[in-house]
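K.L.:
Before I ask anything, here is the structure I am working with.
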Amino acid sequence: MLDCDGAATTSPEAEVVLASYGSYPEAEKAVDTLSDRAFPVDHVKIVARDVVVVEQVLGRFDYARAALYGASVGALLGLGLGLLFGFLNWIAPLTSGLIQGTWGLVLGALCGAILGVVGHSIHEGGHDFETVSKMEAGRWDVVTDALHAEEGRRVLEPSTARPG
């Protein structure tokens, strides 16, 4: 870009990598260092690069586990609703709340278990295992706009950043 006098200027939209780190806490520490030295951190981003999704298989998801999960969700929902409706009774709120909470817990667990088993039977054979997904990054870049890049590099110079 050129300014009014025809001199070249740096585009504020251009992003520059100040440093790359192997973990998020290291990148976070670099931003903290910038902040401690009065760098305008509102111009800084932490960007994950080389991101992959890792899905860890925990085990089989069978009828027993479906019933257990359904029962636990149903029991909590039933308990909450039973207590709520019981405590809304103005005559004997504590007694009514405990009785309705107990019945809500029992009936909620029963209905939840049945719904869990029915839901699992509908999807039988399609996805009968349990997983947990997470994203992992190969490196973390501390990035700023081109106008603040030189100052940011000067502030981070003594740190132990890996070359990006």
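Identifiers for the structure tokens are assigned positionally: chains receive A, B, ... in sequence, residues are indexed from 1 per chain, and ligands are indexed from 1 in the order shown.
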Among region 45-131 of chain A, which ones does DSSP assign to helix (DSSP H, G or I) (computed from the backbone)? Answer as number ranges by chain.
P.N.:
A: 63-87, 93-122
K.L.:
Pull the strand (DSSP E) assignments for chain A out of DSSP run on the backbone, and list those residues as a PyMOL selection string.
P.N.:
chain A and resi 15-21+44-49+52-60+129-136+139-145
K.L.:
Can I get the selection written as a compact mmCIF listing (two decimals), in the first residue's frame, with N, CA and C atoms?
P.N.:
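Done, and the output landed in again-v5.txt:
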```txt
# COMPACT_ATOMS: atom_id res chain seq x y z
N GLU A 15 -0.97 -10.42 8.81
CA GLU A 15 -0.59 -11.02 10.09
C GLU A 15 0.81 -11.59 10.01
N VAL A 16 1.54 -11.44 11.10
CA VAL A 16 2.92 -11.88 11.17
C VAL A 16 3.07 -12.80 12.38
N VAL A 17 3.74 -13.92 12.18
CA VAL A 17 4.01 -14.85 13.28
C VAL A 17 5.18 -14.31 14.09
N LEU A 18 4.94 -14.04 15.35
CA LEU A 18 6.01 -13.58 16.24
C LEU A 18 6.88 -14.74 16.69
N ALA A 19 6.24 -15.86 17.05
CA ALA A 19 6.97 -17.04 17.53
C ALA A 19 6.04 -18.24 17.46
N SER A 20 6.64 -19.43 17.40
CA SER A 20 5.89 -20.69 17.40
C SER A 20 6.31 -21.51 18.60
N TYR A 21 5.34 -22.23 19.18
CA TYR A 21 5.59 -23.01 20.38
C TYR A 21 5.00 -24.40 20.22
N VAL A 44 -3.10 -9.39 19.29
CA VAL A 44 -2.41 -10.68 19.29
C VAL A 44 -3.43 -11.82 19.20
N LYS A 45 -3.05 -12.87 18.49
CA LYS A 45 -3.84 -14.10 18.42
C LYS A 45 -2.93 -15.27 18.72
N ILE A 46 -3.50 -16.32 19.29
CA ILE A 46 -2.81 -17.61 19.41
C ILE A 46 -3.51 -18.53 18.42
N VAL A 47 -2.75 -19.03 17.45
CA VAL A 47 -3.32 -19.81 16.35
C VAL A 47 -2.78 -21.23 16.40
N ALA A 48 -3.67 -22.21 16.42
CA ALA A 48 -3.29 -23.62 16.38
C ALA A 48 -3.01 -24.01 14.93
N ARG A 49 -1.89 -24.65 14.69
CA ARG A 49 -1.52 -25.10 13.35
C ARG A 49 -1.39 -26.62 13.34
N VAL A 52 -5.26 -31.83 14.26
CA VAL A 52 -5.84 -33.14 13.94
C VAL A 52 -6.88 -33.48 15.00
N VAL A 53 -7.87 -34.28 14.62
CA VAL A 53 -8.88 -34.75 15.56
C VAL A 53 -8.54 -36.19 15.91
N VAL A 54 -8.44 -36.46 17.21
CA VAL A 54 -8.13 -37.80 17.70
C VAL A 54 -9.36 -38.31 18.44
N GLU A 55 -9.86 -39.47 18.02
CA GLU A 55 -11.04 -40.06 18.65
C GLU A 55 -10.61 -41.34 19.36
N GLN A 56 -10.65 -41.30 20.69
CA GLN A 56 -10.25 -42.45 21.50
C GLN A 56 -11.47 -43.33 21.76
N VAL A 57 -11.37 -44.60 21.39
CA VAL A 57 -12.45 -45.56 21.64
C VAL A 57 -12.34 -46.03 23.09
N LEU A 58 -13.43 -45.86 23.86
CA LEU A 58 -13.44 -46.21 25.28
C LEU A 58 -13.93 -47.63 25.53
N GLY A 59 -14.76 -48.15 24.65
CA GLY A 59 -15.27 -49.51 24.84
C GLY A 59 -16.60 -49.69 24.14
N ARG A 60 -17.15 -50.90 24.31
CA ARG A 60 -18.44 -51.22 23.69
C ARG A 60 -19.56 -50.47 24.39
N PHE A 129 -20.12 -48.51 19.98
CA PHE A 129 -18.95 -48.28 20.83
C PHE A 129 -18.97 -46.81 21.28
N GLU A 130 -18.25 -46.55 22.36
CA GLU A 130 -18.23 -45.22 22.97
C GLU A 130 -16.87 -44.58 22.71
N THR A 131 -16.88 -43.29 22.37
CA THR A 131 -15.63 -42.59 22.07
C THR A 131 -15.60 -41.22 22.74
N VAL A 132 -14.39 -40.69 22.82
CA VAL A 132 -14.17 -39.31 23.25
C VAL A 132 -13.27 -38.68 22.20
N SER A 133 -13.67 -37.52 21.68
CA SER A 133 -12.89 -36.83 20.66
C SER A 133 -12.16 -35.64 21.26
N LYS A 134 -10.98 -35.37 20.73
CA LYS A 134 -10.26 -34.16 21.11
C LYS A 134 -9.43 -33.70 19.92
N MET A 135 -9.14 -32.41 19.91
CA MET A 135 -8.30 -31.84 18.85
C MET A 135 -6.90 -31.59 19.41
N GLU A 136 -5.92 -31.89 18.61
CA GLU A 136 -4.53 -31.67 18.99
C GLU A 136 -3.87 -30.83 17.91
N ARG A 139 1.58 -27.25 16.46
CA ARG A 139 2.28 -26.10 17.01
C ARG A 139 1.30 -24.97 17.25
N TRP A 140 1.70 -24.02 18.05
CA TRP A 140 0.88 -22.86 18.40
C TRP A 140 1.65 -21.60 18.03
N ASP A 141 1.10 -20.80 17.12
CA ASP A 141 1.74 -19.56 16.69
C ASP A 141 1.16 -18.38 17.44
N VAL A 142 2.04 -17.49 17.90
CA VAL A 142 1.62 -16.20 18.45
C VAL A 142 1.73 -15.21 17.29
N VAL A 143 0.58 -14.64 16.93
CA VAL A 143 0.47 -13.83 15.71
C VAL A 143 0.01 -12.42 16.08
N THR A 144 0.51 -11.44 15.34
CA THR A 144 0.04 -10.07 15.49
C THR A 144 -0.04 -9.43 14.11
N ASP A 145 -0.60 -8.23 14.07
CA ASP A 145 -0.65 -7.54 12.79
C ASP A 145 0.72 -6.98 12.45
```
K.L.:
Which is closer to Gly101 (chain A) than all the others in A:Ala146, A:Val118, A:Leu77, A:Ala27, using only C-alpha atoms?
P.N.:
A:Leu77
K.L.:
Would you mind listing what lies within 8 Å of Tyr69 (chain A) as a list of chain:residue names, with only C-alpha atoms counted and same-chain residues fewer than 5 positions away left out?
P.N.:
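Final neighbour list, sorted by chain and number: A:Gly112, A:Ala113, A:Gly116.
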K.L.:
My list of candidates is A:Ile99, A:Leu115, A:Ala67, A:Val155. Which is closest to Leu81 (chain A) when distances are computed with only C-alpha atoms?
P.N.:
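Of A:Ile99, A:Leu115, A:Ala67, A:Val155, the one nearest Leu81 (chain A) is A:Ile99, counting only C-alpha atoms.
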K.L.:
From the set A:Gly74, A:Gly119, A:Pro93, A:Gly86, which residue has the shortest atom-to-atom contact distance to Leu105 (chain A), counting only C-alpha atoms?
P.N.:
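The shortest atom-to-atom distance to Leu105 (chain A) comes from A:Gly74.
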K.L.:
I'd like the contact shell of Thr102 (chain A) - 7 Å cut-off, only C-alpha atoms, skipping same-chain residues fewer than 4 positions apart - returned as a list in words.
P.N.:
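Counting only the stated atoms, we get Leu79, Leu98 and Val106 of chain A.
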K.L.:
Pick out the closest residue to Arg37 (chain A) from this set: A:Gly80, A:Gly152, A:Gly97, A:Pro25. Count only C-alpha atoms.
P.N.:
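Nearest to Arg37 (chain A): A:Gly152.
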